[in-house]
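J.: Pasting a structure here, questions to come.
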Amino acid sequence: MSKKIKKIGVITSGGDAPGMNAAIRSVVRTCAFHTIKCVGIYRGYEGMIEGDFKVLSARSVNNIINKGGTILKSARCDEFRTKEGRQKAHLQIKKAGIDALVLIGGDGTFTGGMIFNKEFNFPVLGIPGTIDNDIYGTNYTIGYDTALNTVVECIDKIRDTASSHKRLFFVEVMGRDAGHIALNAGVGAGAEEILIPEEDLGLDRLLESLKRSKQTGKSSSIVVVAEGDKIGKNVFELRDYVEENLVEYEVRVSVLGHMQRGGSPSCFDRVLASRMGVKAVESLLNGKSNYMVGSINNKMELTPMGKAVKAHSKINKELLRVSDIMST
Ligand code: F6P
């Protein structure tokens, strides 16, 4: 292993995700294992610009593996998008003697990291942490599995009241640009229809499907809608549209919102985060930079960060068909 890197900074940025703490713990402990220093950078790139740093020892990350959110806090930082902002951040990093960075976040985090790497020739390694699972180069991002379980649990509860009142529920889940949560949680929760950003199901088809449901004796239904669904109507507009066109339906809306980002991470996310932290630190120590760690076919692999950001993960279209068949 290269002797050059003696101090690694770890940062969480963008939307938080359950399992980020497990990833921080893994980075810190892998550094301790290899007897190098680890510095926590607080409040994402905002804290990097302001020098909000704290040295983390193996003991600083006791009892966080089970905690949601991120102990390092997070932010979406506009100043880091400017050259001046990044210069300030670089000065702080140099002052603190940090030799490389582990970036835990999604595509915004990696885009910032890549520019920083290019401008200052500074080693960076990414760990995908976002509930959206929209990053290319990994089958799973940290937090996605927990979010799916949260959504399914919520929809199970909505089903109880929907079936008691014979109602149709539109349930909005997160995913501005990606339908992974909607599609997988929709199938897992037995939704009638699933509306996602990647496929335009069409309003006619939705109405047809709901009509058919009634005719075949279903008394209640659940339609899962991703925030950015391709039809272009939000859940409230969909409710109005269905109430106007299918008077036999009594419709309610439930927006699950940020509760999807919270909670104790699932075992899957904790294991994934622990593995990714080890791989990220050891890759940096082996001289790798500008890559993202991913889990591909259950193996820890590196993908160039640029590709991870640009390519986007594809939805599993087979699930659309499974969902169709299940809603018969
Ligand atoms: O990127 C994760 C995500 O949770 C998206 O699914 C969602 O659209 C967005 O963040 C919400 O961001 P914010 O917390 O800034 O409103």
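Convention: chains lettered A, B, ... in structure tokens order; per-chain residue numbering from 1; ligands numbered from 1 as shown.
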Would you mind listing what lies within 7 Å of A:Arg43 as a list in words, with only C-alpha atoms counted and same-chain residues fewer than 6 positions away left out?

T.: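 What passes the distance filter is Leu72, Lys73, Ser74 and Ala75 of chain A.
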
J.: As a ChimeraX atom specification, please: every residue in stretch 80-199 of chain A that a backbone DSSP assignment puts in strand (DSSP E).

T.: /A:100-105,124-128,168-173,193-195

J.: Which residues of chain A sit at most 6 Å from ligand 1, using only C-alpha atoms and all ligand atoms? Give each one's shortest atom pair and distance in Å (one decimal place), in chain and ascending residue order, as a Markdown table.

T.:
| residue | atom | partner | partner_atom_place_in_ligand_line | distance |
| --- | --- | --- | --- | --- |
| A:Gly15 | CA | ligand 1 | 2 (C) | 5.0 |
| A:Thr130 | CA | ligand 1 | 2 (C) | 5.7 |
| A:Ile131 | CA | ligand 1 | 2 (C) | 5.9 |
| A:Asp132 | CA | ligand 1 | 6 (O) | 5.4 |
| A:Met174 | CA | ligand 1 | 6 (O) | 4.2 |
| A:Gly175 | CA | ligand 1 | 6 (O) | 3.9 |
| A:Arg176 | CA | ligand 1 | 8 (O) | 4.5 |

J.: Please provide as number ranges by chain all residues within 8 Å of A:Lys230, with the sequence filter that same-chain residues fewer than 6 positions apart are discarded (counting only C-alpha atoms).

T.: A: 195-201

J.: Using only C-alpha atoms, which protein or nucleic acid residues come within 6 Å of stretch 273-276 of chain A? Drop anything in the same chain fewer than 2 positions from it, and give the result as an NGL selection string.

T.: :A and (22-23 or 26 or 269-271 or 278-280)

J.: For A:Asn121, which of A:Gly97, A:Asn290, A:Ser163, A:Asn63 is the closest residue, counting only C-alpha atoms?

T.: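 Under the stated criterion, the closest residue is A:Asn290.
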
J.: Excluding A:Ile98 and its own-chain neighbours fewer than 3 positions away, which residues fall within 7 Å of it when counting only C-alpha atoms? Please give them as an mmCIF file with N, CA and C atoms, in the first residue's frame.

T.:
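Output file out.cif follows:
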data_model
loop_
_atom_site.group_PDB
_atom_site.id
_atom_site.type_symbol
_atom_site.label_atom_id
_atom_site.label_comp_id
_atom_site.auth_asym_id
_atom_site.auth_seq_id
_atom_site.Cartn_x
_atom_site.Cartn_y
_atom_site.Cartn_z
ATOM 1 N N LYS A 7 -3.752 10.930 6.127
ATOM 2 C CA LYS A 7 -4.977 11.448 6.756
ATOM 3 C C LYS A 7 -6.098 11.523 5.723
ATOM 4 N N ILE A 8 -7.208 10.860 6.064
ATOM 5 C CA ILE A 8 -8.354 10.849 5.132
ATOM 6 C C ILE A 8 -9.520 11.640 5.738
ATOM 7 N N GLY A 9 -10.153 12.475 4.922
ATOM 8 C CA GLY A 9 -11.347 13.196 5.360
ATOM 9 C C GLY A 9 -12.581 12.442 4.884
ATOM 10 N N ILE A 93 -8.776 22.187 3.662
ATOM 11 C CA ILE A 93 -8.338 20.793 3.608
ATOM 12 C C ILE A 93 -6.809 20.714 3.768
ATOM 13 N N LYS A 94 -6.126 21.632 3.086
ATOM 14 C CA LYS A 94 -4.652 21.650 3.176
ATOM 15 C C LYS A 94 -4.204 22.001 4.584
#

J.: Residues near A:Asn21, anyone? I mean within 9 Å using only C-alpha atoms, not counting same-chain ones fewer than 4 positions away, as a PDB file with C-alpha atoms, in the first residue's frame.

T.:
ATOM      1  CA  ALA A  17     -29.806   8.126   3.743  1.00  0.00           C
ATOM      2  CA  ARG A  25     -18.042   4.097  11.021  1.00  0.00           C
ATOM      3  CA  SER A  26     -16.514   1.798   8.454  1.00  0.00           C
ATOM      4  CA  VAL A  61     -18.053   6.023  16.035  1.00  0.00           C
ATOM      5  CA  ILE A  64     -23.856   4.630  15.477  1.00  0.00           C
ATOM      6  CA  ILE A  65     -24.233   1.600  13.200  1.00  0.00           C
ATOM      7  CA  ASN A  66     -27.941   1.409  14.052  1.00  0.00           C
ATOM      8  CA  LYS A  67     -28.692   5.129  13.716  1.00  0.00           C
ATOM      9  CA  GLY A  68     -30.450   6.828  10.799  1.00  0.00           C
ATOM     10  CA  GLY A  69     -29.354  10.202   9.427  1.00  0.00           C
ATOM     11  CA  THR A  70     -25.690  11.168   9.520  1.00  0.00           C
ATOM     12  CA  ILE A  71     -23.653  12.170  12.565  1.00  0.00           C
ATOM     13  CA  LEU A  72     -21.606  14.386  10.240  1.00  0.00           C
ATOM     14  CA  ARG A 270     -25.418  -1.810   7.344  1.00  0.00           C
ATOM     15  CA  ALA A 273     -22.084   0.355   4.082  1.00  0.00           C
TER      16      ALA A 273
END

J.: Excluding same-chain residues fewer than 2 positions from A:Gly188, what lies within 10 Å of it counting only C-alpha atoms, as a list in words?

T.: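 Once the adjacent positions are removed, what remains is Leu148, Asn149, Val151, Val152, Glu153, Ile155, Asp156, Ala182, Leu183, Asn184, Ala185, Gly186, Gly190, Ala191 and Ser323 of chain A.
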
J.: Limited to C-alpha atoms, could you put the picked residues into a file as a PDB file, in the first residue's frame?

T.:
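And here is the file that came out, part-v2.pdb:
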ATOM      1  CA  LEU A 148     -38.084   0.314   0.519  1.00  0.00           C
ATOM      2  CA  ASN A 149     -38.932  -1.373   3.803  1.00  0.00           C
ATOM      3  CA  VAL A 151     -42.449   2.471   2.182  1.00  0.00           C
ATOM      4  CA  VAL A 152     -43.814  -1.068   2.210  1.00  0.00           C
ATOM      5  CA  GLU A 153     -44.592  -0.788   5.929  1.00  0.00           C
ATOM      6  CA  ILE A 155     -48.426   1.121   2.396  1.00  0.00           C
ATOM      7  CA  ASP A 156     -49.398  -1.956   4.423  1.00  0.00           C
ATOM      8  CA  ALA A 182     -41.900   3.272  -6.546  1.00  0.00           C
ATOM      9  CA  LEU A 183     -41.441   0.182  -8.661  1.00  0.00           C
ATOM     10  CA  ASN A 184     -39.950  -2.129  -6.063  1.00  0.00           C
ATOM     11  CA  ALA A 185     -42.023  -0.956  -3.116  1.00  0.00           C
ATOM     12  CA  GLY A 186     -45.084  -0.977  -5.381  1.00  0.00           C
ATOM     13  CA  GLY A 190     -49.085  -5.161  -3.972  1.00  0.00           C
ATOM     14  CA  ALA A 191     -50.006  -1.863  -5.625  1.00  0.00           C
ATOM     15  CA  SER A 323     -46.839  -5.646 -11.449  1.00  0.00           C
TER      16      SER A 323
END

J.: With only C-alpha atoms as the basis for distance, which of A:Ile11, A:Met259, A:Met114, A:Val225 is at the shortest distance from A:Tyr291?

T.: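 Distance minimum relative to A:Tyr291 lands on A:Met114.
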
J.: Could you tell me how far atom CA of A:Lys317 lies from atom CA of A:Arg167, in Å and to one decimal?

T.: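 Pair atom CA of A:Lys317 / atom CA of A:Arg167 returns 28.3 Å.
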
J.: Go through A:Thr111, A:Thr303, A:Ser254, A:Asn245 one by one, measure the shortest atom-to-atom distance of each to A:Lys157 using only C-alpha atoms, and give the residue with the smallest value.

T.: A:Ser254

J.: Which residue out of A:Leu256, A:Leu319, A:Ile135, A:Val173 has the minimum interatomic distance to A:Lys307 when only C-alpha atoms are used?

T.: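 Ranking A:Leu256, A:Leu319, A:Ile135, A:Val173 by distance to A:Lys307, first place goes to A:Ile135.
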
J.: Pick the closest to A:Cys38 from A:Val281, A:Ala147, A:Ser13, A:Gln87: which is it, counting only C-alpha atoms?

T.: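 Going through A:Val281, A:Ala147, A:Ser13, A:Gln87 one by one, the smallest distance to A:Cys38 is for A:Val281.
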
J.: Tell me, which residues of stretch 136-259 of chain A carry DSSP helix (DSSP H, G or I), written as a ChimeraX atom specification?

T.: /A:144-165,180-188,203-215,235-245,257-259

J.: Of the candidates A:Arg321, A:Arg76, A:Lys4, A:Arg261, which shows the shortest atom-to-atom distance to A:Ile142, using only C-alpha atoms?

T.: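 Distance minimum relative to A:Ile142 lands on A:Arg261.
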